[in-house]
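Dropping my_file33.pdb in here (PDB, C-alpha atoms and all ligand atoms):
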```pdb
MODEL        1
ATOM      1  CA  MET X   1      71.225 107.412  79.296  1.00  0.00           C
ATOM      2  CA  MET X   2      73.432 105.981  82.031  1.00  0.00           C
ATOM      3  CA  LYS X   3      71.746 105.366  85.378  1.00  0.00           C
ATOM      4  CA  TRP X   4      73.514 105.471  88.714  1.00  0.00           C
ATOM      5  CA  HIS X   5      72.679 106.068  92.332  1.00  0.00           C
ATOM      6  CA  TRP X   6      74.660 107.144  95.371  1.00  0.00           C
ATOM      7  CA  LEU X   7      75.729 105.153  98.405  1.00  0.00           C
ATOM      8  CA  ARG X   8      77.220 106.266 101.711  1.00  0.00           C
ATOM      9  CA  HIS X   9      78.671 102.891 102.623  1.00  0.00           C
ATOM     10  CA  LEU X  10      80.294 100.260 100.495  1.00  0.00           C
ATOM     11  CA  GLN X  11      79.362  96.598 100.588  1.00  0.00           C
ATOM     12  CA  PRO X  12      82.218  94.060 100.453  1.00  0.00           C
ATOM     13  CA  SER X  13      81.731  93.515  96.691  1.00  0.00           C
ATOM     14  CA  GLN X  14      81.953  97.280  96.136  1.00  0.00           C
ATOM     15  CA  MET X  15      85.149  97.406  98.208  1.00  0.00           C
ATOM     16  CA  LYS X  16      86.560  94.893  95.753  1.00  0.00           C
ATOM     17  CA  ASP X  17      85.313  97.086  92.855  1.00  0.00           C
ATOM     18  CA  LEU X  18      87.145 100.007  94.454  1.00  0.00           C
ATOM     19  CA  GLN X  19      90.293  97.966  94.762  1.00  0.00           C
ATOM     20  CA  ASP X  20      90.003  97.117  91.050  1.00  0.00           C
ATOM     21  CA  LEU X  21      89.573 100.822  90.219  1.00  0.00           C
ATOM     22  CA  TYR X  22      92.601 101.683  92.349  1.00  0.00           C
ATOM     23  CA  GLN X  23      94.754  99.174  90.447  1.00  0.00           C
ATOM     24  CA  MET X  24      94.143 101.200  87.265  1.00  0.00           C
ATOM     25  CA  GLU X  25      95.709 104.440  88.536  1.00  0.00           C
ATOM     26  CA  TRP X  26      99.415 105.070  89.215  1.00  0.00           C
ATOM     27  CA  TRP X  27      98.675 106.863  92.481  1.00  0.00           C
ATOM     28  CA  SER X  28      96.607 104.068  93.991  1.00  0.00           C
ATOM     29  CA  LYS X  29      98.073 100.915  92.438  1.00  0.00           C
ATOM     30  CA  GLY X  30      98.858  98.184  94.953  1.00  0.00           C
ATOM     31  CA  ARG X  31      96.304  99.196  97.585  1.00  0.00           C
ATOM     32  CA  THR X  32      95.114  96.110  99.436  1.00  0.00           C
ATOM     33  CA  LEU X  33      91.585  95.221 100.526  1.00  0.00           C
ATOM     34  CA  ARG X  34      92.683  95.302 104.148  1.00  0.00           C
ATOM     35  CA  GLN X  35      93.993  98.871 103.774  1.00  0.00           C
ATOM     36  CA  ILE X  36      90.876  99.871 101.842  1.00  0.00           C
ATOM     37  CA  ARG X  37      88.561  98.586 104.600  1.00  0.00           C
ATOM     38  CA  LYS X  38      90.498 100.605 107.184  1.00  0.00           C
ATOM     39  CA  MET X  39      90.549 103.732 104.980  1.00  0.00           C
ATOM     40  CA  LEU X  40      86.778 103.502 104.415  1.00  0.00           C
ATOM     41  CA  GLN X  41      86.166 103.187 108.131  1.00  0.00           C
ATOM     42  CA  LEU X  42      88.350 106.159 109.025  1.00  0.00           C
ATOM     43  CA  SER X  43      87.595 108.637 106.215  1.00  0.00           C
ATOM     44  CA  ASP X  44      85.147 111.371 107.203  1.00  0.00           C
ATOM     45  CA  LEU X  45      82.922 111.433 104.121  1.00  0.00           C
ATOM     46  CA  LEU X  46      82.530 108.865 101.361  1.00  0.00           C
ATOM     47  CA  PHE X  47      80.919 109.417  97.961  1.00  0.00           C
ATOM     48  CA  ALA X  48      80.176 106.351  95.872  1.00  0.00           C
ATOM     49  CA  ALA X  49      78.080 105.893  92.736  1.00  0.00           C
ATOM     50  CA  VAL X  50      76.906 102.454  91.657  1.00  0.00           C
ATOM     51  CA  ASP X  51      75.250 101.298  88.441  1.00  0.00           C
ATOM     52  CA  ALA X  52      71.957  99.396  88.136  1.00  0.00           C
ATOM     53  CA  ASP X  53      73.811  96.179  89.049  1.00  0.00           C
ATOM     54  CA  GLU X  54      75.189  97.816  92.227  1.00  0.00           C
ATOM     55  CA  ARG X  55      78.715  97.863  90.835  1.00  0.00           C
ATOM     56  CA  LEU X  56      80.885 100.745  91.950  1.00  0.00           C
ATOM     57  CA  ILE X  57      81.498 103.165  89.068  1.00  0.00           C
ATOM     58  CA  ALA X  58      82.675 106.338  90.830  1.00  0.00           C
ATOM     59  CA  PHE X  59      84.253 107.173  94.164  1.00  0.00           C
ATOM     60  CA  ALA X  60      85.685 110.071  96.164  1.00  0.00           C
ATOM     61  CA  ARG X  61      86.338 110.761  99.824  1.00  0.00           C
ATOM     62  CA  VAL X  62      86.977 113.692 102.098  1.00  0.00           C
ATOM     63  CA  VAL X  63      89.155 113.921 105.188  1.00  0.00           C
ATOM     64  CA  THR X  64      88.242 116.918 107.321  1.00  0.00           C
ATOM     65  CA  ASP X  65      87.867 118.612 110.716  1.00  0.00           C
ATOM     66  CA  PHE X  66      84.502 119.978 109.464  1.00  0.00           C
ATOM     67  CA  THR X  67      85.663 123.490 110.430  1.00  0.00           C
ATOM     68  CA  TYR X  68      88.866 124.788 108.878  1.00  0.00           C
ATOM     69  CA  ARG X  69      90.200 122.285 106.403  1.00  0.00           C
ATOM     70  CA  ALA X  70      88.974 119.491 104.184  1.00  0.00           C
ATOM     71  CA  THR X  71      90.919 117.478 101.644  1.00  0.00           C
ATOM     72  CA  LEU X  72      89.276 115.795  98.680  1.00  0.00           C
ATOM     73  CA  LEU X  73      90.976 112.499  97.852  1.00  0.00           C
ATOM     74  CA  ASP X  74      90.754 109.565  95.443  1.00  0.00           C
ATOM     75  CA  VAL X  75      88.409 111.122  92.862  1.00  0.00           C
ATOM     76  CA  ILE X  76      87.881 108.331  90.369  1.00  0.00           C
ATOM     77  CA  VAL X  77      85.370 107.318  87.702  1.00  0.00           C
ATOM     78  CA  HIS X  78      85.400 103.869  86.100  1.00  0.00           C
ATOM     79  CA  PRO X  79      87.073 104.125  82.648  1.00  0.00           C
ATOM     80  CA  ASP X  80      83.913 102.774  80.916  1.00  0.00           C
ATOM     81  CA  HIS X  81      81.879 105.624  82.395  1.00  0.00           C
ATOM     82  CA  ARG X  82      84.181 108.596  81.818  1.00  0.00           C
ATOM     83  CA  GLY X  83      83.227 111.523  79.612  1.00  0.00           C
ATOM     84  CA  LYS X  84      79.527 111.183  80.405  1.00  0.00           C
ATOM     85  CA  GLY X  85      79.135 113.693  83.226  1.00  0.00           C
ATOM     86  CA  LEU X  86      79.689 111.312  86.145  1.00  0.00           C
ATOM     87  CA  GLY X  87      82.857 113.078  87.309  1.00  0.00           C
ATOM     88  CA  ARG X  88      80.968 116.361  87.373  1.00  0.00           C
ATOM     89  CA  ALA X  89      78.059 114.744  89.248  1.00  0.00           C
ATOM     90  CA  LEU X  90      80.533 113.300  91.760  1.00  0.00           C
ATOM     91  CA  LEU X  91      82.116 116.705  92.397  1.00  0.00           C
ATOM     92  CA  GLU X  92      78.691 118.329  92.677  1.00  0.00           C
ATOM     93  CA  LYS X  93      77.736 115.716  95.237  1.00  0.00           C
ATOM     94  CA  VAL X  94      80.866 116.508  97.261  1.00  0.00           C
ATOM     95  CA  LEU X  95      80.515 120.279  96.988  1.00  0.00           C
ATOM     96  CA  SER X  96      76.860 120.257  98.016  1.00  0.00           C
ATOM     97  CA  HIS X  97      77.394 118.116 101.102  1.00  0.00           C
ATOM     98  CA  PRO X  98      75.825 120.041 104.002  1.00  0.00           C
ATOM     99  CA  ARG X  99      78.562 119.078 106.466  1.00  0.00           C
ATOM    100  CA  LEU X 100      81.186 120.698 104.243  1.00  0.00           C
ATOM    101  CA  ARG X 101      79.383 124.030 104.016  1.00  0.00           C
ATOM    102  CA  PRO X 102      80.940 125.519 107.205  1.00  0.00           C
ATOM    103  CA  VAL X 103      84.456 124.405 106.242  1.00  0.00           C
ATOM    104  CA  GLU X 104      86.839 127.272 105.448  1.00  0.00           C
ATOM    105  CA  ARG X 105      88.579 125.512 102.539  1.00  0.00           C
ATOM    106  CA  LEU X 106      88.468 122.311 100.533  1.00  0.00           C
ATOM    107  CA  ASP X 107      91.823 121.350  98.986  1.00  0.00           C
ATOM    108  CA  LEU X 108      92.887 118.674  96.562  1.00  0.00           C
ATOM    109  CA  PHE X 109      96.083 117.517  94.858  1.00  0.00           C
ATOM    110  CA  CYS X 110      96.297 116.780  91.157  1.00  0.00           C
ATOM    111  CA  LEU X 111      98.710 116.739  88.253  1.00  0.00           C
ATOM    112  CA  PRO X 112      98.610 119.691  85.814  1.00  0.00           C
ATOM    113  CA  PRO X 113      96.558 117.891  83.105  1.00  0.00           C
ATOM    114  CA  LEU X 114      93.632 117.644  85.526  1.00  0.00           C
ATOM    115  CA  ILE X 115      93.618 121.318  86.487  1.00  0.00           C
ATOM    116  CA  PRO X 116      91.071 122.206  83.724  1.00  0.00           C
ATOM    117  CA  PHE X 117      88.687 119.515  85.018  1.00  0.00           C
ATOM    118  CA  TYR X 118      88.793 120.867  88.579  1.00  0.00           C
ATOM    119  CA  LYS X 119      88.643 124.489  87.401  1.00  0.00           C
ATOM    120  CA  LYS X 120      85.383 123.631  85.642  1.00  0.00           C
ATOM    121  CA  MET X 121      84.095 122.540  89.029  1.00  0.00           C
ATOM    122  CA  GLY X 122      85.089 125.873  90.599  1.00  0.00           C
ATOM    123  CA  PHE X 123      88.457 125.002  92.136  1.00  0.00           C
ATOM    124  CA  GLN X 124      91.230 127.589  91.798  1.00  0.00           C
ATOM    125  CA  ALA X 125      94.981 127.135  91.718  1.00  0.00           C
ATOM    126  CA  ASP X 126      96.882 128.510  94.700  1.00  0.00           C
ATOM    127  CA  ARG X 127      97.863 132.133  94.141  1.00  0.00           C
ATOM    128  CA  LEU X 128     100.374 132.436  96.982  1.00  0.00           C
ATOM    129  CA  GLY X 129     102.744 129.773  95.701  1.00  0.00           C
ATOM    130  CA  ILE X 130     102.021 127.369  98.533  1.00  0.00           C
ATOM    131  CA  VAL X 131     103.778 124.096  97.772  1.00  0.00           C
ATOM    132  CA  ARG X 132     103.160 120.583  98.909  1.00  0.00           C
ATOM    133  CA  LEU X 133     105.804 119.160 101.257  1.00  0.00           C
ATOM    134  CA  SER X 134     105.627 115.482 102.106  1.00  0.00           C
ATOM    135  CA  ILE X 135     107.377 112.938 104.265  1.00  0.00           C
ATOM    136  CA  ASP X 136     106.912 109.219 104.666  1.00  0.00           C
ATOM    137  CA  PRO X 137     106.001 109.014 108.394  1.00  0.00           C
ATOM    138  CA  LYS X 138     107.903 105.724 108.630  1.00  0.00           C
ATOM    139  CA  GLN X 139     111.035 107.703 107.724  1.00  0.00           C
ATOM    140  CA  GLY X 140     110.191 110.561 110.096  1.00  0.00           C
ATOM    141  CA  PRO X 141     112.441 109.924 113.098  1.00  0.00           C
ATOM    142  CA  SER X 142     115.323 108.652 110.997  1.00  0.00           C
ATOM    143  CA  ALA X 143     115.063 111.710 108.727  1.00  0.00           C
ATOM    144  CA  LEU X 144     115.170 113.911 111.849  1.00  0.00           C
ATOM    145  CA  ASN X 145     118.150 111.982 113.189  1.00  0.00           C
ATOM    146  CA  ARG X 146     119.940 112.331 109.872  1.00  0.00           C
ATOM    147  CA  ASN X 147     119.344 116.057 109.933  1.00  0.00           C
ATOM    148  CA  PHE X 148     120.485 116.297 113.526  1.00  0.00           C
ATOM    149  CA  LYS X 149     123.671 114.363 112.779  1.00  0.00           C
ATOM    150  CA  ASN X 150     124.387 116.688 109.830  1.00  0.00           C
ATOM    151  CA  ILE X 151     123.996 119.738 112.065  1.00  0.00           C
ATOM    152  CA  LYS X 152     126.330 118.242 114.696  1.00  0.00           C
ATOM    153  CA  ARG X 153     128.878 117.360 112.009  1.00  0.00           C
ATOM    154  CA  ARG X 154     128.732 120.892 110.595  1.00  0.00           C
ATOM    155  CA  LYS X 155     129.150 122.463 114.042  1.00  0.00           C
ATOM    156  CA  LYS X 156     132.151 120.237 114.772  1.00  0.00           C
ATOM    157  CA  ARG X 157     133.729 121.151 111.433  1.00  0.00           C
ATOM    158  CA  ASP X 158     133.112 124.879 111.993  1.00  0.00           C
ATOM    159  CA  ALA X 159     134.573 124.665 115.513  1.00  0.00           C
ATOM    160  CA  HIS X 160     137.621 122.884 114.093  1.00  0.00           C
ATOM    161  CA  ARG X 161     138.111 125.622 111.509  1.00  0.00           C
ATOM    162  CA  ALA X 162     137.726 128.456 114.012  1.00  0.00           C
TER     163      ALA X 162
HETATM  164  C1  LIG X 201      89.083 112.993  86.130  1.00  0.00           C
HETATM  165  C2  LIG X 201      87.832 112.132  86.061  1.00  0.00           C
HETATM  166  C3  LIG X 201      87.301 111.925  87.467  1.00  0.00           C
HETATM  167  C4  LIG X 201      86.777 112.870  85.209  1.00  0.00           C
HETATM  168  O1  LIG X 201      85.572 112.116  85.220  1.00  0.00           O
HETATM  169  P1  LIG X 201      84.541 112.123  83.988  1.00  0.00           P
HETATM  170  O2  LIG X 201      83.338 111.366  84.373  1.00  0.00           O
HETATM  171  O3  LIG X 201      85.231 111.696  82.746  1.00  0.00           O
HETATM  172  O4  LIG X 201      84.231 113.687  83.885  1.00  0.00           O
HETATM  173  P2  LIG X 201      82.922 114.357  83.229  1.00  0.00           P
HETATM  174  O5  LIG X 201      82.483 113.560  82.049  1.00  0.00           O
HETATM  175  O6  LIG X 201      81.905 114.594  84.287  1.00  0.00           O
HETATM  176  O7  LIG X 201      83.506 115.750  82.746  1.00  0.00           O
HETATM  177  C5  LIG X 201      83.111 116.982  83.310  1.00  0.00           C
HETATM  178  C6  LIG X 201      83.766 118.089  82.538  1.00  0.00           C
HETATM  179  O8  LIG X 201      85.195 118.049  82.733  1.00  0.00           O
HETATM  180  C7  LIG X 201      85.857 117.874  81.486  1.00  0.00           C
HETATM  181  N1  LIG X 201      86.959 116.943  81.709  1.00  0.00           N
HETATM  182  C8  LIG X 201      86.870 115.645  82.095  1.00  0.00           C
HETATM  183  N2  LIG X 201      88.105 115.115  82.214  1.00  0.00           N
HETATM  184  C9  LIG X 201      88.972 116.107  81.900  1.00  0.00           C
HETATM  185  C10 LIG X 201      90.399 116.181  81.838  1.00  0.00           C
HETATM  186  N3  LIG X 201      91.165 115.122  82.106  1.00  0.00           N
HETATM  187  N4  LIG X 201      90.939 117.354  81.479  1.00  0.00           N
HETATM  188  C11 LIG X 201      90.181 118.437  81.195  1.00  0.00           C
HETATM  189  N5  LIG X 201      88.815 118.423  81.236  1.00  0.00           N
HETATM  190  C12 LIG X 201      88.237 117.268  81.590  1.00  0.00           C
HETATM  191  C13 LIG X 201      84.817 117.292  80.542  1.00  0.00           C
HETATM  192  O9  LIG X 201      85.109 117.618  79.203  1.00  0.00           O
HETATM  193  C14 LIG X 201      83.543 117.955  81.033  1.00  0.00           C
HETATM  194  O10 LIG X 201      83.474 119.267  80.526  1.00  0.00           O
HETATM  195  P3  LIG X 201      82.037 119.895  80.125  1.00  0.00           P
HETATM  196  O11 LIG X 201      81.153 119.782  81.341  1.00  0.00           O
HETATM  197  O12 LIG X 201      82.371 121.294  79.770  1.00  0.00           O
HETATM  198  O13 LIG X 201      81.538 119.064  78.991  1.00  0.00           O
HETATM  199  C15 LIG X 201      88.110 110.775  85.364  1.00  0.00           C
HETATM  200  O14 LIG X 201      88.691 111.024  84.127  1.00  0.00           O
HETATM  201  C16 LIG X 201      88.988 109.847  86.147  1.00  0.00           C
HETATM  202  O15 LIG X 201      88.517 109.080  86.976  1.00  0.00           O
HETATM  203  N6  LIG X 201      90.301 109.862  85.881  1.00  0.00           N
HETATM  204  C17 LIG X 201      91.228 108.900  86.478  1.00  0.00           C
HETATM  205  C18 LIG X 201      91.417 109.095  87.947  1.00  0.00           C
HETATM  206  C19 LIG X 201      92.082 110.407  88.257  1.00  0.00           C
HETATM  207  O16 LIG X 201      93.102 110.750  87.724  1.00  0.00           O
HETATM  208  N7  LIG X 201      91.468 111.140  89.201  1.00  0.00           N
HETATM  209  C20 LIG X 201      91.929 112.429  89.632  1.00  0.00           C
HETATM  210  C21 LIG X 201      92.840 112.324  90.772  1.00  0.00           C
HETATM  211  S1  LIG X 201      93.389 113.984  91.254  1.00  0.00           S
ENDMDL
END
```
For this file, produce the structure as structure tokens.
Amino acid sequence: MMKWHWLRHLQPSQMKDLQDLYQMEWWSKGRTLRQIRKMLQLSDLLFAAVDADERLIAFARVVTDFTYRATLLDVIVHPDHRGKGLGRALLEKVLSHPRLRPVERLDLFCLPPLIPFYKKMGFQADRLGIVRLSIDPKQGPSALNRNFKNIKRRKKRDAHRA
């Protein structure tokens, strides 16, 4: 039987393990150690499982206001340890965290193939049809400017036609 234990903070070697895990997934490929250190410092709750040799084998984190909203991010189990109940144990660890109990709702994002996994853990798909809208903050002001210019152009054209 596989043995693991939980940590609240990652040591530098485990940060490197996390970086290696991130390189294996399309949604986290390319993340640098510098970014990872900052993310670990600023995330609200960290969940990390290590094996007997203290190597990181599972990770998840939560970003939250501890009141209304919480978002579960970066759920990941090392490929060698998948299918053995570690993902379930990780989610149970998250869902039983006492500081998340008062939170109104815990959300996550995933692709359709993973919906059955999260449903097994009690998550439900959105019934209201709420969709995810995203923007790259670096593009924010220029996207706004673009939009503004389009509106001005349209108004000018309409005035010309009138
Ligand atoms: C998704 C992931 C965390 C699951 O971890 P795991 O350790 O393999 O999961 P477990 O062995 O604890 O499985 C728990 C249950 O979910 C089921 N399950 C696991 N992966 C599943 C999947 N991809 N689709 C459907 N069911 C799945 C298992 O069959 C098991 O069911 P059971 O309890 O009825 O036997 C792991 O596959 C992973 O790290 N994937 C890559 C990273 C990723 O995509 N993360 C999600 C980002 S949203």
Distance of atom C19 of ligand LIG 201 (chain X) from atom CA of X:Met15, expressed in Å to one decimal place: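 Separating atom CA of X:Met15 from atom C19 of ligand LIG 201 (chain X) is a distance of 17.8 Å.
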Atomic separation - atom CA of X:Gln19 relative to atom CA of X:Gln139, Å: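 Spanning atom CA of X:Gln139 to atom CA of X:Gln19 is a straight-line distance of 26.3 Å.
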Test item: residues no farther than 10 Å from ligand LIG 201 (chain X), counting only C-alpha atoms and all ligand atoms, as number ranges by chain: X: 21-22, 24-28, 57-60, 72-92, 108-121
Selected residues written out with C-alpha atoms, as an mmCIF file, keeping the file's coordinate frame:
```cif
data_model
loop_
_atom_site.group_PDB
_atom_site.id
_atom_site.type_symbol
_atom_site.label_atom_id
_atom_site.label_comp_id
_atom_site.auth_asym_id
_atom_site.auth_seq_id
_atom_site.Cartn_x
_atom_site.Cartn_y
_atom_site.Cartn_z
ATOM 1 C CA LEU X 21 89.573 100.822 90.219
ATOM 2 C CA TYR X 22 92.601 101.683 92.349
ATOM 3 C CA MET X 24 94.143 101.200 87.265
ATOM 4 C CA GLU X 25 95.709 104.440 88.536
ATOM 5 C CA TRP X 26 99.415 105.070 89.215
ATOM 6 C CA TRP X 27 98.675 106.863 92.481
ATOM 7 C CA SER X 28 96.607 104.068 93.991
ATOM 8 C CA ILE X 57 81.498 103.165 89.068
ATOM 9 C CA ALA X 58 82.675 106.338 90.830
ATOM 10 C CA PHE X 59 84.253 107.173 94.164
ATOM 11 C CA ALA X 60 85.685 110.071 96.164
ATOM 12 C CA LEU X 72 89.276 115.795 98.680
ATOM 13 C CA LEU X 73 90.976 112.499 97.852
ATOM 14 C CA ASP X 74 90.754 109.565 95.443
ATOM 15 C CA VAL X 75 88.409 111.122 92.862
ATOM 16 C CA ILE X 76 87.881 108.331 90.369
ATOM 17 C CA VAL X 77 85.370 107.318 87.702
ATOM 18 C CA HIS X 78 85.400 103.869 86.100
ATOM 19 C CA PRO X 79 87.073 104.125 82.648
ATOM 20 C CA ASP X 80 83.913 102.774 80.916
ATOM 21 C CA HIS X 81 81.879 105.624 82.395
ATOM 22 C CA ARG X 82 84.181 108.596 81.818
ATOM 23 C CA GLY X 83 83.227 111.523 79.612
ATOM 24 C CA LYS X 84 79.527 111.183 80.405
ATOM 25 C CA GLY X 85 79.135 113.693 83.226
ATOM 26 C CA LEU X 86 79.689 111.312 86.145
ATOM 27 C CA GLY X 87 82.857 113.078 87.309
ATOM 28 C CA ARG X 88 80.968 116.361 87.373
ATOM 29 C CA ALA X 89 78.059 114.744 89.248
ATOM 30 C CA LEU X 90 80.533 113.300 91.760
ATOM 31 C CA LEU X 91 82.116 116.705 92.397
ATOM 32 C CA GLU X 92 78.691 118.329 92.677
ATOM 33 C CA LEU X 108 92.887 118.674 96.562
ATOM 34 C CA PHE X 109 96.083 117.517 94.858
ATOM 35 C CA CYS X 110 96.297 116.780 91.157
ATOM 36 C CA LEU X 111 98.710 116.739 88.253
ATOM 37 C CA PRO X 112 98.610 119.691 85.814
ATOM 38 C CA PRO X 113 96.558 117.891 83.105
ATOM 39 C CA LEU X 114 93.632 117.644 85.526
ATOM 40 C CA ILE X 115 93.618 121.318 86.487
ATOM 41 C CA PRO X 116 91.071 122.206 83.724
ATOM 42 C CA PHE X 117 88.687 119.515 85.018
ATOM 43 C CA TYR X 118 88.793 120.867 88.579
ATOM 44 C CA LYS X 119 88.643 124.489 87.401
ATOM 45 C CA LYS X 120 85.383 123.631 85.642
ATOM 46 C CA MET X 121 84.095 122.540 89.029
#
```
Distance criterion (only C-alpha atoms): nearest to X:Leu10 out of X:Gln41, X:Gln124, X:Thr71, X:Ser134: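 Among X:Gln41, X:Gln124, X:Thr71, X:Ser134, it is X:Gln41 that comes nearest to X:Leu10.
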Please, what is the axis-aligned box for every listed atom of stretch 118-124 of chain X with 4 Å on each side, as centre and edge lengths in Å to one decimal, as JSON?
```
{"center_x": 87.7, "center_y": 124.2, "center_z": 88.9, "size_x": 15.1, "size_y": 14.7, "size_z": 14.5}
```
Which residue of X:Arg34, X:Met39, X:Leu46, X:Arg101 approaches X:Thr67 most closely, using all atoms listed in the file: X:Arg101
Hey, what's within 9 Å of X:Gln14 if we count all atoms listed in the file and toss same-chain stuff fewer than 6 positions away? As a PDB file with C-alpha atoms, in the frame of the given file, please?
```
ATOM      1  CA  VAL X  50      76.906 102.454  91.657  1.00  0.00           C
ATOM      2  CA  GLU X  54      75.189  97.816  92.227  1.00  0.00           C
ATOM      3  CA  ARG X  55      78.715  97.863  90.835  1.00  0.00           C
ATOM      4  CA  LEU X  56      80.885 100.745  91.950  1.00  0.00           C
TER       5      LEU X  56
END
```
Long-range neighbours of X:His9 as a PyMOL selection string, 9 Å cut-off, only C-alpha atoms, 6 positions minimum in chain: chain X and resi 40+46-48
Interatomic distance, atom CA of X:Lys93 to atom CA of X:Trp6 (Å, one decimal):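 Going from atom CA of X:Lys93 over to atom CA of X:Trp6, I get 9.1 Å.
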Residue neighbourhood X:Pro102, 12 Å, only C-alpha atoms, exclusion window fewer than 3 positions, as JSON, numbers by chain: {"X": [64, 65, 66, 67, 68, 69, 70, 95, 96, 97, 98, 99, 105, 106]}
Closest of X:His5, X:Lys138, X:Arg37, X:Lys152 to X:Asp53 - atom-to-atom distances counting all atoms listed in the file: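 Under the stated criterion, the closest residue is X:His5.
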Given all atoms listed in the file as the counted atoms, nearest of X:Lys3, X:Lys155, X:Gln35, X:Arg132 to X:Lys16: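 Closest residue, counting all atoms listed in the file: X:Gln35.
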Among the residues X:Leu128, X:Leu7, X:Leu18, X:Gly122, the one that comes closest to X:Arg31 [using all atoms listed in the file]: X:Leu18
Option closest in space to X:Arg8, from X:Val94, X:Leu100, X:Val62, X:Leu45 [counting all atoms listed in the file]: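 Result for the nearest residue to X:Arg8: X:Leu45.
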